[in-house]
Structure formats: structure tokens, C-alpha cells
file final-v9.txt (compact mmCIF, C-alpha atoms and all ligand atoms)
# COMPACT_ATOMS: atom_id res chain seq x y z
CA MET A 1 150.61 135.04 113.43
CA SER A 2 147.36 133.85 114.99
CA GLY A 3 144.04 134.84 113.42
CA PRO A 4 141.07 136.46 115.14
CA GLU A 5 139.37 134.58 118.01
CA PRO A 6 136.81 132.19 116.50
CA HIS A 7 133.20 133.17 117.12
CA ILE A 8 131.85 131.25 120.13
CA LEU A 9 128.22 130.12 119.81
CA LEU A 10 127.85 128.05 122.97
CA TYR A 11 129.75 127.90 126.19
CA ALA A 12 129.25 125.37 128.99
CA ARG A 13 131.09 125.90 132.25
CA ASP A 14 131.66 123.26 134.95
CA LEU A 15 128.48 121.53 133.90
CA SER A 16 127.16 118.63 135.95
CA VAL A 17 124.14 116.66 134.79
CA ALA A 18 122.19 114.30 137.02
CA ARG A 19 119.13 112.06 136.66
CA GLY A 20 117.56 111.41 140.03
CA ASP A 21 120.42 110.96 142.48
CA ARG A 22 122.80 109.69 139.80
CA VAL A 23 125.40 112.10 138.49
CA LEU A 24 126.01 111.36 134.80
CA ILE A 25 128.30 114.21 133.79
CA GLU A 26 130.65 115.99 136.17
CA GLN A 27 132.21 119.40 135.68
CA LEU A 28 132.29 119.38 131.90
CA SER A 29 133.36 122.59 130.23
CA LEU A 30 133.08 123.02 126.49
CA LYS A 31 133.02 125.68 123.86
CA LEU A 32 131.47 125.47 120.42
CA VAL A 33 132.66 127.83 117.72
CA ALA A 34 131.20 128.84 114.36
CA GLY A 35 131.77 126.22 111.69
CA GLU A 36 132.36 123.44 114.18
CA ARG A 37 130.75 120.00 114.45
CA LEU A 38 131.09 118.40 117.87
CA LEU A 39 130.18 114.80 118.61
CA LEU A 40 129.15 113.55 122.06
CA ARG A 41 129.89 109.84 122.00
CA GLY A 42 129.11 107.17 124.57
CA ARG A 43 127.49 103.85 125.30
CA ASN A 44 123.76 103.47 125.98
CA GLY A 45 122.94 105.20 129.23
CA ALA A 46 126.14 107.28 129.32
CA GLY A 47 124.15 110.51 129.49
CA LYS A 48 124.34 111.84 125.91
CA THR A 49 120.65 112.72 125.69
CA SER A 50 120.62 114.22 129.18
CA LEU A 51 123.68 116.35 128.36
CA LEU A 52 122.31 117.47 124.99
CA GLU A 53 119.00 118.42 126.62
CA THR A 54 120.92 120.42 129.22
CA LEU A 55 122.92 122.19 126.52
CA ALA A 56 119.66 122.90 124.67
CA GLY A 57 118.08 124.37 127.80
CA VAL A 58 115.23 121.87 128.10
CA ARG A 59 116.80 120.27 131.19
CA ALA A 60 118.28 122.15 134.13
CA PRO A 61 121.91 121.44 135.02
CA ALA A 62 122.68 120.01 138.46
CA LEU A 63 125.59 122.43 138.65
CA GLY A 64 127.28 124.87 136.33
CA GLY A 65 125.74 126.75 133.45
CA VAL A 66 125.34 127.05 129.70
CA GLU A 67 125.60 130.26 127.72
CA ARG A 68 123.86 130.12 124.37
CA LEU A 69 125.17 132.93 122.23
CA ALA A 70 123.06 132.19 119.16
CA THR A 71 119.58 130.94 118.39
CA LEU A 72 119.26 127.18 118.62
CA VAL A 73 117.30 124.27 117.20
CA TRP A 74 117.16 121.06 119.19
CA VAL A 75 116.09 117.83 117.47
CA GLY A 76 115.52 115.26 120.21
CA HIS A 77 115.61 111.53 119.59
CA ARG A 78 111.84 111.33 120.10
CA ASN A 79 111.28 113.67 117.13
CA GLY A 80 108.61 115.72 118.89
CA LEU A 81 105.92 115.21 116.26
CA ASN A 82 102.21 115.42 117.09
CA PRO A 83 101.07 111.97 115.85
CA GLY A 84 97.66 113.26 114.72
CA LEU A 85 99.15 115.93 112.47
CA SER A 86 100.86 115.38 109.14
CA ALA A 87 104.55 116.14 108.64
CA GLU A 88 103.49 119.31 106.86
CA GLU A 89 101.16 120.39 109.67
CA ASN A 90 103.75 119.52 112.29
CA LEU A 91 106.41 121.60 110.61
CA GLY A 92 103.98 124.48 110.02
CA PHE A 93 103.00 124.40 113.69
CA TRP A 94 106.66 124.32 114.73
CA CYS A 95 107.30 127.39 112.54
CA LYS A 96 104.44 129.25 114.25
CA LEU A 97 105.72 128.30 117.70
CA ASN A 98 109.13 129.65 116.75
CA ASP A 99 107.83 132.77 115.05
CA LEU A 100 109.13 131.71 111.66
CA PRO A 101 107.40 132.02 108.28
CA ASP A 102 106.00 128.69 107.10
CA THR A 103 106.61 129.43 103.42
CA GLY A 104 109.55 127.00 103.23
CA VAL A 105 107.74 124.03 104.76
CA ALA A 106 106.86 122.13 101.56
CA ASP A 107 110.36 122.63 100.13
CA ALA A 108 112.04 121.51 103.35
CA LEU A 109 110.00 118.31 103.43
CA LYS A 110 110.74 117.71 99.77
CA ARG A 111 114.45 118.09 100.41
CA MET A 112 114.09 115.42 103.09
CA GLY A 113 112.32 113.17 100.58
CA LEU A 114 108.84 113.61 102.08
CA VAL A 115 106.40 114.18 99.26
CA GLY A 116 102.84 113.10 98.44
CA ARG A 117 101.16 111.00 101.11
CA SER A 118 104.19 110.88 103.39
CA ARG A 119 103.87 114.65 103.67
CA SER A 120 100.13 114.80 104.23
CA ARG A 121 99.06 111.71 106.21
CA PRO A 122 99.05 111.73 110.03
CA SER A 123 102.61 111.33 111.18
CA ARG A 124 101.67 108.35 113.37
CA LEU A 125 101.34 106.46 110.07
CA LEU A 126 104.88 107.29 108.96
CA SER A 127 107.82 104.92 109.31
CA THR A 128 110.55 105.54 111.88
CA GLY A 129 112.86 106.97 109.24
CA GLN A 130 110.14 109.16 107.73
CA LYS A 131 109.42 110.63 111.16
CA ARG A 132 113.11 111.31 111.62
CA ARG A 133 113.24 113.02 108.24
CA ALA A 134 110.27 115.21 109.23
CA ALA A 135 112.00 116.20 112.49
CA ILE A 136 115.24 117.02 110.70
CA ALA A 137 113.34 119.22 108.22
CA ARG A 138 113.09 121.78 111.06
CA LEU A 139 116.75 122.51 110.55
CA ILE A 140 116.04 123.57 106.97
CA VAL A 141 113.31 126.10 107.81
CA SER A 142 115.16 127.63 110.74
CA PRO A 143 117.83 130.33 110.55
CA ALA A 144 119.28 129.21 113.91
CA ARG A 145 123.06 128.99 114.02
CA LEU A 146 123.20 126.26 116.64
CA TRP A 147 121.95 122.78 115.85
CA LEU A 148 121.70 120.17 118.61
CA ILE A 149 120.75 116.81 117.13
CA ASP A 150 120.32 113.66 119.20
CA GLU A 151 121.34 110.54 117.24
CA PRO A 152 120.94 112.29 113.86
CA LEU A 153 121.11 109.10 111.79
CA ALA A 154 118.93 106.85 113.97
CA GLY A 155 116.34 105.15 111.79
CA LEU A 156 117.56 106.77 108.58
CA ASP A 157 118.40 104.77 105.47
CA VAL A 158 121.53 105.14 103.32
CA GLU A 159 119.78 107.59 100.99
CA ALA A 160 119.17 109.98 103.86
CA LEU A 161 122.84 110.03 104.86
CA PRO A 162 123.99 112.41 102.08
CA LEU A 163 120.98 114.65 102.79
CA VAL A 164 122.02 115.06 106.42
CA ALA A 165 125.70 115.34 105.49
CA ASP A 166 124.94 118.13 102.98
CA LEU A 167 122.72 119.98 105.45
CA LEU A 168 125.45 119.95 108.08
CA ALA A 169 128.19 121.00 105.66
CA ALA A 170 126.13 123.90 104.25
CA HIS A 171 125.12 125.00 107.75
CA GLU A 172 128.72 125.07 108.97
CA ALA A 173 129.90 126.85 105.81
CA ARG A 174 127.37 129.62 106.64
CA GLY A 175 128.90 130.00 110.11
CA GLY A 176 126.61 127.62 111.97
CA ALA A 177 127.71 124.88 114.32
CA ALA A 178 126.30 121.54 115.42
CA ILE A 179 126.44 119.17 118.36
CA LEU A 180 125.54 115.58 117.56
CA THR A 181 125.31 112.48 119.72
CA THR A 182 125.93 108.85 118.89
CA HIS A 183 126.48 105.53 120.63
CA GLN A 184 128.45 104.21 117.64
CA ALA A 185 130.89 105.48 115.03
CA LEU A 186 129.42 107.90 112.51
CA PRO A 187 130.04 107.42 108.78
CA ASP A 188 132.91 109.46 107.30
CA ARG A 189 130.47 111.73 105.45
CA VAL A 190 129.28 113.18 108.74
CA ALA A 191 132.58 112.92 110.60
CA PRO A 192 132.87 115.51 113.39
CA HIS A 193 135.70 117.97 113.93
CA ARG A 194 135.87 117.08 117.61
CA ILE A 195 134.66 114.24 119.83
CA ILE A 196 133.87 114.22 123.53
CA ASP A 197 133.70 110.70 124.93
CA LEU A 198 131.25 110.36 127.80
N1 LIG B 201 113.35 109.37 133.38
C1 LIG B 201 114.47 109.02 134.02
N2 LIG B 201 114.54 109.04 135.36
C2 LIG B 201 115.66 108.70 136.01
N3 LIG B 201 116.78 108.32 135.39
C3 LIG B 201 116.77 108.30 134.05
C4 LIG B 201 115.62 108.64 133.30
N4 LIG B 201 115.93 108.52 131.99
C5 LIG B 201 117.20 108.11 131.94
N5 LIG B 201 117.70 107.98 133.17
C6 LIG B 201 119.07 107.57 133.52
O1 LIG B 201 119.97 108.46 132.95
C7 LIG B 201 121.01 107.76 132.31
C8 LIG B 201 121.38 108.49 131.04
O2 LIG B 201 120.29 108.49 130.13
P1 LIG B 201 120.44 109.19 128.72
O3 LIG B 201 119.16 108.94 127.99
O4 LIG B 201 120.92 110.58 128.90
O5 LIG B 201 121.65 108.32 128.11
P2 LIG B 201 122.13 108.15 126.61
O6 LIG B 201 123.62 108.17 126.65
O7 LIG B 201 121.49 109.17 125.73
O8 LIG B 201 121.62 106.70 126.28
P3 LIG B 201 121.11 105.99 124.89
O9 LIG B 201 122.33 105.78 124.03
O10 LIG B 201 120.56 104.71 125.40
O11 LIG B 201 120.08 106.90 124.29
C9 LIG B 201 120.51 106.33 132.07
O12 LIG B 201 121.52 105.42 132.36
C10 LIG B 201 119.39 106.17 133.05
O13 LIG B 201 119.87 105.43 134.15

call {"tool": "encode", "arguments": {"input": "final-v9.txt", "output": "C-alpha cells", "more": "lines below"}}
Ligand SMILES: Nc1ncnc2c1ncn2[C@@H]1O[C@H](COP(=O)(O)OP(=O)(O)OP(=O)(O)O)[C@@H](O)[C@H]1O
result
Amino acid sequence: MSGPEPHILLYARDLSVARGDRVLIEQLSLKLVAGERLLLRGRNGAGKTSLLETLAGVRAPALGGVERLATLVWVGHRNGLNPGLSAEENLGFWCKLNDLPDTGVADALKRMGLVGRSRSRPSRLLSTGQKRRAAIARLIVSPARLWLIDEPLAGLDVEALPLVADLLAAHEARGGAAILTTHQALPDRVAPHRIIDL
């Protein structure tokens, strides 16, 4: 006997993605269901970032469409931090932009290992991995069910790996879902349920 239809959080139909006159992705259809972790994998320049941005709604598709059936957080590979603001100020500002309470900001940064000066100095003075940790902290303060994370482990050290792995596992256990990208194999701790090779 089959169970109930899994809850779909994102649906892309016949999606084509282009940069300039170059078509990168042609007629891709995909569905993401609650609890699922999908990996978009491909070499440098394959179109992972362009596709993820299209799924997130920050880039228009060349053809086809994306239905987002849940609220979404997109963490781009550029982190999206204002370099003059601290990690704490950046996350507080992001909460305001997204109409979220900023009461969990300090805790979220602490969970990502950002305490003391790394929390309060201008983010331009942070290391690559610290900036990545600050960007990922958005996932902790947001109730969104859909996480779209471009190269989640880029720049992170081995101590950050279990933090990200635990965040993903807890998110999916609550009925969330995630789409990740990578140009290389991901460690077992963050292994996806499904891979799309681009
Ligand atoms: N600003 C741009 N204008 C025109 N073409 C671009 C631009 N940025 C990227 N491209 C093209 O789009 C293609 C896909 O880029 P994209 O960043 O989506 O790939 P990616 O798979 O995420 O690569 P990487 O692993 O290097 O991050 C690249 O090969 C490049 O030729």
C-alpha cells in the first residue's frame, strides 16, 4: 500500500537557464519534497549558481517556471554581507528585511562559532570561513522550509562541517528541504538524498 503523496515544496517545470546567449540548462523539471536534500553537482561553469538563483527567484528563467510552495532562504556563494557591518548587524538587518524578530541573532551566531570580536567587528575583517558562517546563520533565525545553499561548505573548516550537517538534518526532520550545489563530492555527513548532475 502506498502512503500519502509527499508534501511538495518546490516545483520546476521545463526550466531553461541562460547567461547571455548561452543556454546552460535546458528543460529541467524537478520536484523537491519535505524532508529531502537535493544536490546540484557539476564542474566549474556548469551553471549550478545560475540554476540555484533561478530556483530562488533572483534570476529569471529563459523558459519554463518555478513554483515555490513554501517560504525560502537563499544563501548565495557571495554571502551577501555588508562589509561595513558586523556579522551581528548584518544578521539583524537581514531579519528586518525579512520581517523576522532579531531576538535569535546572538544565539545563531554563537551556534556558528561566531562570538566576541568575530561577531562584532566589521565583516570585511572576517576570514572567508567566518563570513560563510555568518551567512549560514541566516538559516538558523529563519522559519523558512526551503533552503537553497550555494556551495555550503566552501571556505569552511572541518569543525564547521558537523554544524552544517546538524542544521540540515534538524531542518529536514522538521519537514524542511534543501537544495545544495557543489563542484566536488560532499562529505558523507552531508550526503544528499538525490543528485542532479549538470
Ligand atoms: N555575468 C555573466 N555574464 C555572462 N555569462 C556569465 C556570467 N557569469 C557567469 N556566466 C557564464 O555562465 C556559466 C555558468 O556560471 P555559473 O556561475 O552558474 O556556474 P557554476 O556551475 O556555479 O560554476 P562554479 O562552480 O565555477 O561556481 C559560466 O560558464 C559562464 O560562462

call {"tool": "residues_near_ligand", "arguments": {"input": "final-v9.txt", "ligand": "ligand LIG 201 (chain B)", "cutoff": "10 Å", "atoms": "all atoms listed in the file", "output": "mmCIF file with C-alpha atoms, keeping the file's coordinate frame"}}
result
data_model
loop_
_atom_site.group_PDB
_atom_site.id
_atom_site.type_symbol
_atom_site.label_atom_id
_atom_site.label_comp_id
_atom_site.auth_asym_id
_atom_site.auth_seq_id
_atom_site.Cartn_x
_atom_site.Cartn_y
_atom_site.Cartn_z
ATOM 1 C CA VAL A 17 124.140 116.660 134.790
ATOM 2 C CA ALA A 18 122.190 114.300 137.020
ATOM 3 C CA ARG A 19 119.130 112.060 136.660
ATOM 4 C CA GLY A 20 117.560 111.410 140.030
ATOM 5 C CA ASP A 21 120.420 110.960 142.480
ATOM 6 C CA ARG A 22 122.800 109.690 139.800
ATOM 7 C CA VAL A 23 125.400 112.100 138.490
ATOM 8 C CA LEU A 24 126.010 111.360 134.800
ATOM 9 C CA ILE A 25 128.300 114.210 133.790
ATOM 10 C CA LEU A 40 129.150 113.550 122.060
ATOM 11 C CA ARG A 41 129.890 109.840 122.000
ATOM 12 C CA GLY A 42 129.110 107.170 124.570
ATOM 13 C CA ARG A 43 127.490 103.850 125.300
ATOM 14 C CA ASN A 44 123.760 103.470 125.980
ATOM 15 C CA GLY A 45 122.940 105.200 129.230
ATOM 16 C CA ALA A 46 126.140 107.280 129.320
ATOM 17 C CA GLY A 47 124.150 110.510 129.490
ATOM 18 C CA LYS A 48 124.340 111.840 125.910
ATOM 19 C CA THR A 49 120.650 112.720 125.690
ATOM 20 C CA SER A 50 120.620 114.220 129.180
ATOM 21 C CA LEU A 51 123.680 116.350 128.360
ATOM 22 C CA LEU A 52 122.310 117.470 124.990
ATOM 23 C CA GLU A 53 119.000 118.420 126.620
ATOM 24 C CA THR A 54 120.920 120.420 129.220
ATOM 25 C CA HIS A 77 115.610 111.530 119.590
ATOM 26 C CA ASP A 150 120.320 113.660 119.200
ATOM 27 C CA GLU A 151 121.340 110.540 117.240
ATOM 28 C CA THR A 181 125.310 112.480 119.720
ATOM 29 C CA THR A 182 125.930 108.850 118.890
ATOM 30 C CA HIS A 183 126.480 105.530 120.630
ATOM 31 C CA GLN A 184 128.450 104.210 117.640
ATOM 32 C CA LEU A 198 131.250 110.360 127.800
#

call {"tool": "residues_around", "arguments": {"input": "final-v9.txt", "residues": "stretch 85-91 of chain A", "least_positions_apart": "5", "cutoff": "6 Å", "atoms": "all atoms listed in the file", "output": "PDB file with C-alpha atoms, keeping the file's coordinate frame"}}
result
ATOM      1  CA  ARG A 119     103.870 114.650 103.670  1.00  0.00           C
ATOM      2  CA  SER A 120     100.130 114.800 104.230  1.00  0.00           C
ATOM      3  CA  ARG A 121      99.060 111.710 106.210  1.00  0.00           C
ATOM      4  CA  PRO A 122      99.050 111.730 110.030  1.00  0.00           C
ATOM      5  CA  SER A 123     102.610 111.330 111.180  1.00  0.00           C
ATOM      6  CA  ALA A 134     110.270 115.210 109.230  1.00  0.00           C
TER       7      ALA A 134
END

call {"tool": "closest_residue", "arguments": {"input": "final-v9.txt", "among": "A:Leu109, A:Gly35, A:Asn82, A:Gly76", "to": "A:Ala173", "atoms": "all atoms listed in the file"}}
result
A:Gly35

call {"tool": "closest_residue", "arguments": {"input": "final-v9.txt", "among": "A:Ile136, A:Leu39, A:Leu15, A:Ala170", "to": "A:Arg111", "atoms": "only C-alpha atoms"}}
result
A:Ile136

call {"tool": "atom_distance", "arguments": {"input": "final-v9.txt", "atom1": "atom CA of A:Arg13", "atom2": "atom CA of A:Leu28"}}
result
6.6 Å

call {"tool": "residues_around", "arguments": {"input": "final-v9.txt", "residues": "stretch 140-144 of chain A", "least_positions_apart": "3", "cutoff": "9 Å", "atoms": "only C-alpha atoms", "output": "PDB file with C-alpha atoms, in the coordinates of the input"}}
result
ATOM      1  CA  ALA A  70     123.060 132.190 119.160  1.00  0.00           C
ATOM      2  CA  THR A  71     119.580 130.940 118.390  1.00  0.00           C
ATOM      3  CA  LEU A  72     119.260 127.180 118.620  1.00  0.00           C
ATOM      4  CA  VAL A  73     117.300 124.270 117.200  1.00  0.00           C
ATOM      5  CA  LEU A  91     106.410 121.600 110.610  1.00  0.00           C
ATOM      6  CA  CYS A  95     107.300 127.390 112.540  1.00  0.00           C
ATOM      7  CA  ASN A  98     109.130 129.650 116.750  1.00  0.00           C
ATOM      8  CA  LEU A 100     109.130 131.710 111.660  1.00  0.00           C
ATOM      9  CA  PRO A 101     107.400 132.020 108.280  1.00  0.00           C
ATOM     10  CA  ASP A 102     106.000 128.690 107.100  1.00  0.00           C
ATOM     11  CA  THR A 103     106.610 129.430 103.420  1.00  0.00           C
ATOM     12  CA  GLY A 104     109.550 127.000 103.230  1.00  0.00           C
ATOM     13  CA  VAL A 105     107.740 124.030 104.760  1.00  0.00           C
ATOM     14  CA  ASP A 107     110.360 122.630 100.130  1.00  0.00           C
ATOM     15  CA  ALA A 108     112.040 121.510 103.350  1.00  0.00           C
ATOM     16  CA  LEU A 109     110.000 118.310 103.430  1.00  0.00           C
ATOM     17  CA  ARG A 111     114.450 118.090 100.410  1.00  0.00           C
ATOM     18  CA  ILE A 136     115.240 117.020 110.700  1.00  0.00           C
ATOM     19  CA  ALA A 137     113.340 119.220 108.220  1.00  0.00           C
ATOM     20  CA  TRP A 147     121.950 122.780 115.850  1.00  0.00           C
ATOM     21  CA  LEU A 167     122.720 119.980 105.450  1.00  0.00           C
ATOM     22  CA  GLY A 176     126.610 127.620 111.970  1.00  0.00           C
TER      23      GLY A 176
END

call {"tool": "closest_residue", "arguments": {"input": "final-v9.txt", "among": "A:Gly175, A:Leu180, A:Gly155, A:Ala169", "to": "A:Pro6", "atoms": "only C-alpha atoms"}}
result
A:Gly175

call {"tool": "atom_distance", "arguments": {"input": "final-v9.txt", "atom1": "atom CA of A:Leu168", "atom2": "atom CA of A:Ala34"}}
result
12.3 Å

call {"tool": "residues_around", "arguments": {"input": "final-v9.txt", "residues": "A:Ala165", "least_positions_apart": "3", "cutoff": "12 Å", "atoms": "all atoms listed in the file", "output": "PyMOL selection string"}}
result
chain A and resi 37+112+136+152-153+158-162+168-172+178+186-192

call {"tool": "atom_distance", "arguments": {"input": "final-v9.txt", "atom1": "atom CA of A:Ala12", "atom2": "atom CA of A:Val33"}}
result
12.0 Å

call {"tool": "build_atoms", "arguments": {"input": "final-v9.txt", "residues": "stretch 12-42 of chain A", "atoms": "N, CA and C atoms", "output": "short mmCIF file (atom, residue, chain, number, x, y, z; two decimals), in the coordinates of the input"}}
result
data_model
loop_
_atom_site.label_atom_id
_atom_site.label_comp_id
_atom_site.auth_asym_id
_atom_site.auth_seq_id
_atom_site.Cartn_x
_atom_site.Cartn_y
_atom_site.Cartn_z
N ALA A 12 129.72 126.05 127.77
CA ALA A 12 129.25 125.37 128.99
C ALA A 12 130.40 125.41 129.99
N ARG A 13 130.04 125.77 131.21
CA ARG A 13 131.09 125.90 132.25
C ARG A 13 130.77 124.99 133.42
N ASP A 14 131.76 124.12 133.74
CA ASP A 14 131.66 123.26 134.95
C ASP A 14 130.29 122.61 135.07
N LEU A 15 129.85 122.05 133.96
CA LEU A 15 128.48 121.53 133.90
C LEU A 15 128.39 120.14 134.52
N SER A 16 127.47 119.96 135.45
CA SER A 16 127.16 118.63 135.95
C SER A 16 125.71 118.33 135.63
N VAL A 17 125.49 117.08 135.19
CA VAL A 17 124.14 116.66 134.79
C VAL A 17 123.79 115.42 135.61
N ALA A 18 122.61 115.43 136.20
CA ALA A 18 122.19 114.30 137.02
C ALA A 18 120.78 113.86 136.63
N ARG A 19 120.51 112.58 136.79
CA ARG A 19 119.13 112.06 136.66
C ARG A 19 118.83 111.40 138.00
N GLY A 20 117.82 111.89 138.68
CA GLY A 20 117.56 111.41 140.03
C GLY A 20 118.79 111.71 140.89
N ASP A 21 119.25 110.71 141.63
CA ASP A 21 120.42 110.96 142.48
C ASP A 21 121.71 110.49 141.79
N ARG A 22 121.63 110.17 140.51
CA ARG A 22 122.80 109.69 139.80
C ARG A 22 123.44 110.80 138.97
N VAL A 23 124.70 111.08 139.27
CA VAL A 23 125.40 112.10 138.49
C VAL A 23 125.97 111.45 137.23
N LEU A 24 125.59 111.97 136.08
CA LEU A 24 126.01 111.36 134.80
C LEU A 24 127.22 112.08 134.22
N ILE A 25 127.22 113.39 134.35
CA ILE A 25 128.30 114.21 133.79
C ILE A 25 128.79 115.11 134.92
N GLU A 26 130.11 115.17 135.08
CA GLU A 26 130.65 115.99 136.17
C GLU A 26 131.61 117.03 135.65
N GLN A 27 131.30 118.28 135.93
CA GLN A 27 132.21 119.40 135.68
C GLN A 27 132.77 119.41 134.25
N LEU A 28 131.88 119.32 133.31
CA LEU A 28 132.29 119.38 131.90
C LEU A 28 132.27 120.84 131.45
N SER A 29 133.35 121.26 130.84
CA SER A 29 133.36 122.59 130.23
C SER A 29 133.61 122.40 128.74
N LEU A 30 132.86 123.11 127.94
CA LEU A 30 133.08 123.02 126.49
C LEU A 30 132.67 124.31 125.82
N LYS A 31 133.25 124.49 124.65
CA LYS A 31 133.02 125.68 123.86
C LYS A 31 132.73 125.21 122.44
N LEU A 32 131.76 125.82 121.81
CA LEU A 32 131.47 125.47 120.42
C LEU A 32 131.63 126.72 119.58
N VAL A 33 132.44 126.64 118.53
CA VAL A 33 132.66 127.83 117.72
C VAL A 33 132.01 127.68 116.35
N ALA A 34 131.81 128.81 115.69
CA ALA A 34 131.20 128.84 114.36
C ALA A 34 131.93 127.89 113.43
N GLY A 35 131.18 127.12 112.67
CA GLY A 35 131.77 126.22 111.69
C GLY A 35 132.12 124.86 112.24
N GLU A 36 131.89 124.67 113.54
CA GLU A 36 132.36 123.44 114.18
C GLU A 36 131.25 122.39 114.30
N ARG A 37 131.66 121.13 114.24
CA ARG A 37 130.75 120.00 114.45
C ARG A 37 131.34 119.14 115.57
N LEU A 38 130.62 119.11 116.69
CA LEU A 38 131.09 118.40 117.87
C LEU A 38 130.23 117.15 118.08
N LEU A 39 130.90 116.05 118.37
CA LEU A 39 130.18 114.80 118.61
C LEU A 39 130.30 114.41 120.08
N LEU A 40 129.16 114.13 120.72
CA LEU A 40 129.15 113.55 122.06
C LEU A 40 128.94 112.06 121.88
N ARG A 41 129.92 111.27 122.30
CA ARG A 41 129.89 109.84 122.00
C ARG A 41 129.91 109.05 123.30
N GLY A 42 129.10 108.00 123.36
CA GLY A 42 129.11 107.17 124.57
C GLY A 42 128.16 106.01 124.44
#
